[in-house]
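Structure first, then comments.
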Amino acid sequence: MKTIVIECLSSLKGRNRRSLSQISLLMKAVLVLLIACSALQARIAQQFRPRGDFDGDTVTDFAVFRRSEGNWYIRSIFFETTTVKNWGNADDQLVPGDYDGDAITDIAVWREAEGNWYIIESSAQTGRLVNLGLPGDIAVPSDYNGDGKTDIAIFRPGQGYWEARDTNGQLLQSGNYVGQPGDKPVPGDYVGDGASDFAVWRPSNGNWYVVSSSTKQLTVQPWGINGDKPVPEDYDGDGKTDFAVWRPSEGNWYVINSSNHAGTVRQWGLPTDIPVPGHYEANDFSADIAVFRPSEGNWYIIISSNNFNFVENWGMTGDVPIPSAYLPE
């Protein structure tokens with residue numbers, strides 16, 4: 001390619017310097033664009049942490065929590081292995097995340113009555129206990145400082161109060177940023193700066209309220225109606241969390257793609273299903289639409305890259321599919 005460009009430029013030299021200058025400028029512009037695209041892809045790849053990836057293969061695993069036993073049942077899609085781990089009580093809130101920054105999801109629960117976070121760090125397979133939260137709080141773990149690690153955090157609806165700490169208990173951020181009773185906390189990287197933002201979805205008016213974790217600027221986005229379930233994820237693979245809701249009465253997924261601000265609608269699921277969006281294809285930055293059907297124990301998935309859909313059986317009635325733990329109840 002380089003040789004062809006040089007020969008082309010040489011043939012023009014001396015005959016049409018204006019054309020040569022224009023081509024040179026065009027080549028520089030293309031080079032800048034290629035570098036920018038490459039940098040964006042590299043940033044997205046570096047920050048890419050699929051939800052529920054318990055083995056580090058960049059794929060969301062089929063995983064459920066059986067409250068009656070306190071067991072996590074995890075099936076790796078890529079490695080085709082099965083893991084069973086006893087961790088948690090029946091009334092614990094599931095808070096899986098990459099707390100040690102090794103690109104592998106850690107098994108974790110938050111015990112509201114105690115305010116304790118019980119985490120098994122995958123890098124050393126050791127347990128960690130951290131205290132944060134009061135009865136009535138909602139656990140909202142996410143990466144609020146952009147260091148590649150999930151931070152422990154709580155949302156206090158009555159005050160619109162958020163508090164985030166690292167797993168050593170060091171305070172990262174706290175304040176009455178956004179929210180009120182009845183709001184659904186939906187933290188995510190809506191800005192695209194690599195750090196999760198403080199955000200809620202308000203069922204009463206269908207509005208999303210997002211406060212940037214870096215600038216504290218408020219953004220309001222109408223999307224959804226009362227009865228919808230918020231399902232924020234990066235559906236277009238641009239490194240930003242997209243505004244999205246699933247409407248059980250229709251089975252429709254309504255998504256605003258942050259890359260072009262276009263709204264899309266896709267029918268997938270029954271009213272009694274549980275939405276479990278995730279990355280079920282390796283190295284695909286775009287999230288896939290998926291639901292878990294408790295009555296069957298089946299996962300119904302649409303791969304975003306080619307619209308291929310498939311069904312996988314893993315779980316039983318009463319199980320909690322782990323990808324749903326990343327979504328508000």
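FYI, nothing fancy with the structure tokens labels: chains A, B, ... in order, residues from 1 per chain, ligands from 1 as they appear.
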- request: Tell me, as a list in words, which residues lie within 8 Å of Thr105 in chain A, counting only C-alpha atoms; anything in the same chain fewer than 2 positions away does not count.
  value: Arg51, Gly52, Asp53, Phe54, Asp55, Gly56, Pro96, Gly97, Asp98, Tyr99, Ala103, Ile107 and Ser122 of chain A
Create the file for the chosen residues now, containing C-alpha atoms and written as a compact mmCIF listing (two decimals), in the first residue's frame.
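What landed in again-v4.txt:
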# COMPACT_ATOMS: atom_id res chain seq x y z
CA ARG A 51 -21.02 -8.51 33.05
CA GLY A 52 -20.95 -11.95 34.62
CA ASP A 53 -17.68 -13.13 33.05
CA PHE A 54 -16.42 -15.49 35.75
CA ASP A 55 -13.53 -16.99 33.75
CA GLY A 56 -12.08 -14.02 31.85
CA PRO A 96 -21.08 -9.51 41.34
CA GLY A 97 -18.27 -7.38 39.92
CA ASP A 98 -14.56 -7.19 39.16
CA TYR A 99 -13.41 -5.93 42.56
CA ALA A 103 -10.98 -8.77 34.25
CA ILE A 107 -18.76 -13.67 43.39
CA SER A 122 -10.97 -14.34 41.84
message: Using DSSP assignments from the backbone, pull out every residue in range 71-241 of chain A that falls under strand (DSSP E or B) and give it to me as a count of residues only.
response: 72
Who sits within 6 Å of range 271-274 of chain A, only C-alpha atoms, same chain under 3 positions skipped, as a PDB file with C-alpha atoms, in the first residue's frame:
ATOM      1  CA  PRO A 248     -42.861  -6.812  29.626  1.00  0.00           C
ATOM      2  CA  SER A 249     -46.423  -6.245  28.367  1.00  0.00           C
ATOM      3  CA  VAL A 291     -34.083 -13.111  28.594  1.00  0.00           C
ATOM      4  CA  PHE A 292     -34.234 -15.894  31.162  1.00  0.00           C
ATOM      5  CA  ARG A 293     -37.476 -17.895  31.349  1.00  0.00           C
TER       6      ARG A 293
END
Tell me which protein, DNA and RNA residues are within 10 Å of Leu218 in chain A, counting only C-alpha atoms, leaving out same-chain ones fewer than 6 positions away, and put them as a PDB file with all heavy atoms, in the first residue's frame.
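Printed below is around-v8.pdb as written:
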ATOM      1  N   TYR A 177     -26.391  13.372  45.062  1.00  0.00           N
ATOM      2  CA  TYR A 177     -26.238  13.665  43.646  1.00  0.00           C
ATOM      3  C   TYR A 177     -27.557  13.646  42.879  1.00  0.00           C
ATOM      4  O   TYR A 177     -27.875  14.566  42.137  1.00  0.00           O
ATOM      5  CB  TYR A 177     -25.263  12.675  43.011  1.00  0.00           C
ATOM      6  CG  TYR A 177     -23.861  12.758  43.564  1.00  0.00           C
ATOM      7  CD1 TYR A 177     -23.190  11.613  43.970  1.00  0.00           C
ATOM      8  CD2 TYR A 177     -23.211  13.980  43.699  1.00  0.00           C
ATOM      9  CE1 TYR A 177     -21.905  11.681  44.478  1.00  0.00           C
ATOM     10  CE2 TYR A 177     -21.926  14.064  44.213  1.00  0.00           C
ATOM     11  CZ  TYR A 177     -21.282  12.904  44.599  1.00  0.00           C
ATOM     12  OH  TYR A 177     -20.009  12.972  45.110  1.00  0.00           O
ATOM     13  N   VAL A 178     -28.347  12.580  43.074  1.00  0.00           N
ATOM     14  CA  VAL A 178     -29.567  12.465  42.278  1.00  0.00           C
ATOM     15  C   VAL A 178     -30.418  11.336  42.842  1.00  0.00           C
ATOM     16  O   VAL A 178     -29.897  10.362  43.390  1.00  0.00           O
ATOM     17  CB  VAL A 178     -29.223  12.178  40.793  1.00  0.00           C
ATOM     18  CG1 VAL A 178     -28.559  10.807  40.628  1.00  0.00           C
ATOM     19  CG2 VAL A 178     -30.433  12.300  39.888  1.00  0.00           C
ATOM     20  N   PHE A 198     -23.507   8.546  38.234  1.00  0.00           N
ATOM     21  CA  PHE A 198     -24.627   8.362  39.155  1.00  0.00           C
ATOM     22  C   PHE A 198     -25.915   8.606  38.373  1.00  0.00           C
ATOM     23  O   PHE A 198     -26.092   9.674  37.780  1.00  0.00           O
ATOM     24  CB  PHE A 198     -24.500   9.338  40.326  1.00  0.00           C
ATOM     25  CG  PHE A 198     -23.166   9.278  41.016  1.00  0.00           C
ATOM     26  CD1 PHE A 198     -22.202  10.242  40.787  1.00  0.00           C
ATOM     27  CD2 PHE A 198     -22.856   8.238  41.877  1.00  0.00           C
ATOM     28  CE1 PHE A 198     -20.963  10.196  41.415  1.00  0.00           C
ATOM     29  CE2 PHE A 198     -21.624   8.167  42.502  1.00  0.00           C
ATOM     30  CZ  PHE A 198     -20.673   9.143  42.273  1.00  0.00           C
ATOM     31  N   ALA A 199     -26.800   7.620  38.372  1.00  0.00           N
ATOM     32  CA  ALA A 199     -27.983   7.751  37.524  1.00  0.00           C
ATOM     33  C   ALA A 199     -29.172   7.002  38.103  1.00  0.00           C
ATOM     34  O   ALA A 199     -29.013   5.975  38.778  1.00  0.00           O
ATOM     35  CB  ALA A 199     -27.683   7.231  36.120  1.00  0.00           C
ATOM     36  N   TYR A 209     -32.188  10.369  34.901  1.00  0.00           N
ATOM     37  CA  TYR A 209     -31.419  11.484  35.455  1.00  0.00           C
ATOM     38  C   TYR A 209     -29.990  10.993  35.680  1.00  0.00           C
ATOM     39  O   TYR A 209     -29.759  10.079  36.477  1.00  0.00           O
ATOM     40  CB  TYR A 209     -32.034  11.956  36.770  1.00  0.00           C
ATOM     41  CG  TYR A 209     -33.456  12.475  36.634  1.00  0.00           C
ATOM     42  CD1 TYR A 209     -34.541  11.602  36.704  1.00  0.00           C
ATOM     43  CD2 TYR A 209     -33.714  13.835  36.426  1.00  0.00           C
ATOM     44  CE1 TYR A 209     -35.842  12.067  36.576  1.00  0.00           C
ATOM     45  CE2 TYR A 209     -35.021  14.307  36.295  1.00  0.00           C
ATOM     46  CZ  TYR A 209     -36.067  13.410  36.363  1.00  0.00           C
ATOM     47  OH  TYR A 209     -37.359  13.878  36.231  1.00  0.00           O
ATOM     48  N   VAL A 210     -29.057  11.593  34.958  1.00  0.00           N
ATOM     49  CA  VAL A 210     -27.665  11.151  35.002  1.00  0.00           C
ATOM     50  C   VAL A 210     -26.774  12.290  35.458  1.00  0.00           C
ATOM     51  O   VAL A 210     -26.809  13.393  34.889  1.00  0.00           O
ATOM     52  CB  VAL A 210     -27.191  10.664  33.615  1.00  0.00           C
ATOM     53  CG1 VAL A 210     -25.726  10.232  33.672  1.00  0.00           C
ATOM     54  CG2 VAL A 210     -28.071   9.540  33.111  1.00  0.00           C
ATOM     55  N   VAL A 211     -25.982  12.043  36.498  1.00  0.00           N
ATOM     56  CA  VAL A 211     -25.001  13.011  36.979  1.00  0.00           C
ATOM     57  C   VAL A 211     -23.606  12.454  36.697  1.00  0.00           C
ATOM     58  O   VAL A 211     -23.245  11.381  37.191  1.00  0.00           O
ATOM     59  CB  VAL A 211     -25.162  13.292  38.488  1.00  0.00           C
ATOM     60  CG1 VAL A 211     -24.029  14.170  39.003  1.00  0.00           C
ATOM     61  CG2 VAL A 211     -26.509  13.948  38.761  1.00  0.00           C
ATOM     62  N   SER A 212     -22.854  13.170  35.882  1.00  0.00           N
ATOM     63  CA  SER A 212     -21.505  12.726  35.531  1.00  0.00           C
ATOM     64  C   SER A 212     -20.647  12.604  36.789  1.00  0.00           C
ATOM     65  O   SER A 212     -20.605  13.521  37.608  1.00  0.00           O
ATOM     66  CB  SER A 212     -20.858  13.720  34.559  1.00  0.00           C
ATOM     67  OG  SER A 212     -19.479  13.474  34.432  1.00  0.00           O
TER      68      SER A 212
END
message: List the spatial neighbours of range 164-169 of chain A as JSON, numbers by chain - criterion: any atom at most 9 Å away, only C-alpha atoms, same-chain residues fewer than 6 positions off excluded.
response: {"A": [99, 100, 128, 129, 130, 131, 132, 140, 141, 142, 144, 149, 150, 151, 152, 153, 154]}
Can you spit out the residues from that selection as a PDB file, in the first residue's frame, using N, CA, C and O atoms?
ATOM      1  N   TYR A  99     -13.895  -6.743  41.453  1.00  0.00           N
ATOM      2  CA  TYR A  99     -13.409  -5.926  42.563  1.00  0.00           C
ATOM      3  C   TYR A  99     -11.882  -5.895  42.662  1.00  0.00           C
ATOM      4  O   TYR A  99     -11.320  -4.981  43.274  1.00  0.00           O
ATOM      5  N   ASP A 100     -11.198  -6.882  42.072  1.00  0.00           N
ATOM      6  CA  ASP A 100      -9.733  -6.893  42.145  1.00  0.00           C
ATOM      7  C   ASP A 100      -9.055  -6.509  40.832  1.00  0.00           C
ATOM      8  O   ASP A 100      -7.831  -6.524  40.718  1.00  0.00           O
ATOM      9  N   ARG A 128     -13.151 -11.346  51.118  1.00  0.00           N
ATOM     10  CA  ARG A 128     -12.926  -9.990  51.629  1.00  0.00           C
ATOM     11  C   ARG A 128     -14.230  -9.474  52.228  1.00  0.00           C
ATOM     12  O   ARG A 128     -15.305  -9.639  51.634  1.00  0.00           O
ATOM     13  N   LEU A 129     -14.131  -8.848  53.377  1.00  0.00           N
ATOM     14  CA  LEU A 129     -15.292  -8.270  54.046  1.00  0.00           C
ATOM     15  C   LEU A 129     -15.114  -6.765  54.145  1.00  0.00           C
ATOM     16  O   LEU A 129     -14.104  -6.276  54.661  1.00  0.00           O
ATOM     17  N   VAL A 130     -16.090  -6.019  53.619  1.00  0.00           N
ATOM     18  CA  VAL A 130     -16.070  -4.558  53.681  1.00  0.00           C
ATOM     19  C   VAL A 130     -17.446  -4.097  54.145  1.00  0.00           C
ATOM     20  O   VAL A 130     -18.461  -4.660  53.741  1.00  0.00           O
ATOM     21  N   ASN A 131     -17.481  -3.070  54.986  1.00  0.00           N
ATOM     22  CA  ASN A 131     -18.761  -2.576  55.485  1.00  0.00           C
ATOM     23  C   ASN A 131     -19.120  -1.248  54.843  1.00  0.00           C
ATOM     24  O   ASN A 131     -18.337  -0.302  54.859  1.00  0.00           O
ATOM     25  N   LEU A 132     -20.301  -1.197  54.266  1.00  0.00           N
ATOM     26  CA  LEU A 132     -20.847   0.050  53.732  1.00  0.00           C
ATOM     27  C   LEU A 132     -22.343  -0.135  53.518  1.00  0.00           C
ATOM     28  O   LEU A 132     -22.773  -1.054  52.830  1.00  0.00           O
ATOM     29  N   VAL A 140     -25.145  -0.462  44.852  1.00  0.00           N
ATOM     30  CA  VAL A 140     -24.973  -0.079  43.442  1.00  0.00           C
ATOM     31  C   VAL A 140     -23.496  -0.160  43.044  1.00  0.00           C
ATOM     32  O   VAL A 140     -22.872   0.839  42.682  1.00  0.00           O
ATOM     33  N   PRO A 141     -22.881  -1.341  43.105  1.00  0.00           N
ATOM     34  CA  PRO A 141     -21.471  -1.455  42.758  1.00  0.00           C
ATOM     35  C   PRO A 141     -21.211  -1.103  41.299  1.00  0.00           C
ATOM     36  O   PRO A 141     -21.993  -1.457  40.414  1.00  0.00           O
ATOM     37  N   SER A 142     -20.121  -0.411  41.050  1.00  0.00           N
ATOM     38  CA  SER A 142     -19.720  -0.053  39.689  1.00  0.00           C
ATOM     39  C   SER A 142     -18.335   0.590  39.767  1.00  0.00           C
ATOM     40  O   SER A 142     -17.813   0.817  40.865  1.00  0.00           O
ATOM     41  N   TYR A 144     -16.608   3.727  39.640  1.00  0.00           N
ATOM     42  CA  TYR A 144     -16.900   5.158  39.656  1.00  0.00           C
ATOM     43  C   TYR A 144     -15.666   6.045  39.446  1.00  0.00           C
ATOM     44  O   TYR A 144     -15.807   7.239  39.230  1.00  0.00           O
ATOM     45  N   LYS A 149     -11.618  -1.318  38.299  1.00  0.00           N
ATOM     46  CA  LYS A 149     -12.084  -2.155  39.404  1.00  0.00           C
ATOM     47  C   LYS A 149     -13.489  -1.733  39.821  1.00  0.00           C
ATOM     48  O   LYS A 149     -13.813  -0.546  39.842  1.00  0.00           O
ATOM     49  N   THR A 150     -14.306  -2.713  40.172  1.00  0.00           N
ATOM     50  CA  THR A 150     -15.632  -2.415  40.694  1.00  0.00           C
ATOM     51  C   THR A 150     -15.503  -1.850  42.106  1.00  0.00           C
ATOM     52  O   THR A 150     -14.772  -2.386  42.934  1.00  0.00           O
ATOM     53  N   ASP A 151     -16.200  -0.746  42.368  1.00  0.00           N
ATOM     54  CA  ASP A 151     -16.186  -0.127  43.693  1.00  0.00           C
ATOM     55  C   ASP A 151     -17.460  -0.502  44.439  1.00  0.00           C
ATOM     56  O   ASP A 151     -18.524  -0.685  43.837  1.00  0.00           O
ATOM     57  N   ILE A 152     -17.373  -0.637  45.754  1.00  0.00           N
ATOM     58  CA  ILE A 152     -18.581  -0.849  46.541  1.00  0.00           C
ATOM     59  C   ILE A 152     -19.280   0.500  46.670  1.00  0.00           C
ATOM     60  O   ILE A 152     -18.628   1.540  46.809  1.00  0.00           O
ATOM     61  N   ALA A 153     -20.597   0.502  46.596  1.00  0.00           N
ATOM     62  CA  ALA A 153     -21.333   1.760  46.627  1.00  0.00           C
ATOM     63  C   ALA A 153     -22.773   1.516  47.029  1.00  0.00           C
ATOM     64  O   ALA A 153     -23.318   0.431  46.812  1.00  0.00           O
ATOM     65  N   ILE A 154     -23.375   2.542  47.619  1.00  0.00           N
ATOM     66  CA  ILE A 154     -24.788   2.453  47.993  1.00  0.00           C
ATOM     67  C   ILE A 154     -25.536   3.692  47.508  1.00  0.00           C
ATOM     68  O   ILE A 154     -24.961   4.764  47.319  1.00  0.00           O
TER      69      ILE A 154
END
- request: Find, counting only C-alpha atoms, the residue in A:Val276, A:Ala63, A:Leu94, A:Ala124 that gets nearest to Met316 in chain A.
  value: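 Distance minimum relative to Met316 in chain A lands on A:Ala63.
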message: When DSSP is applied to the backbone of this structure, which of range 43-158 of chain A are assigned helix (DSSP H, G or I)? Write them out as an MDAnalysis selection string.
response: chainID A and resid 43:47
- prompt: What does the distance between CA of Asn260 in chain A and CA of Phe285 in chain A come to in Å, to one decimal place?
  reply: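 Distance reported for this atom pair: 16.2 Å.
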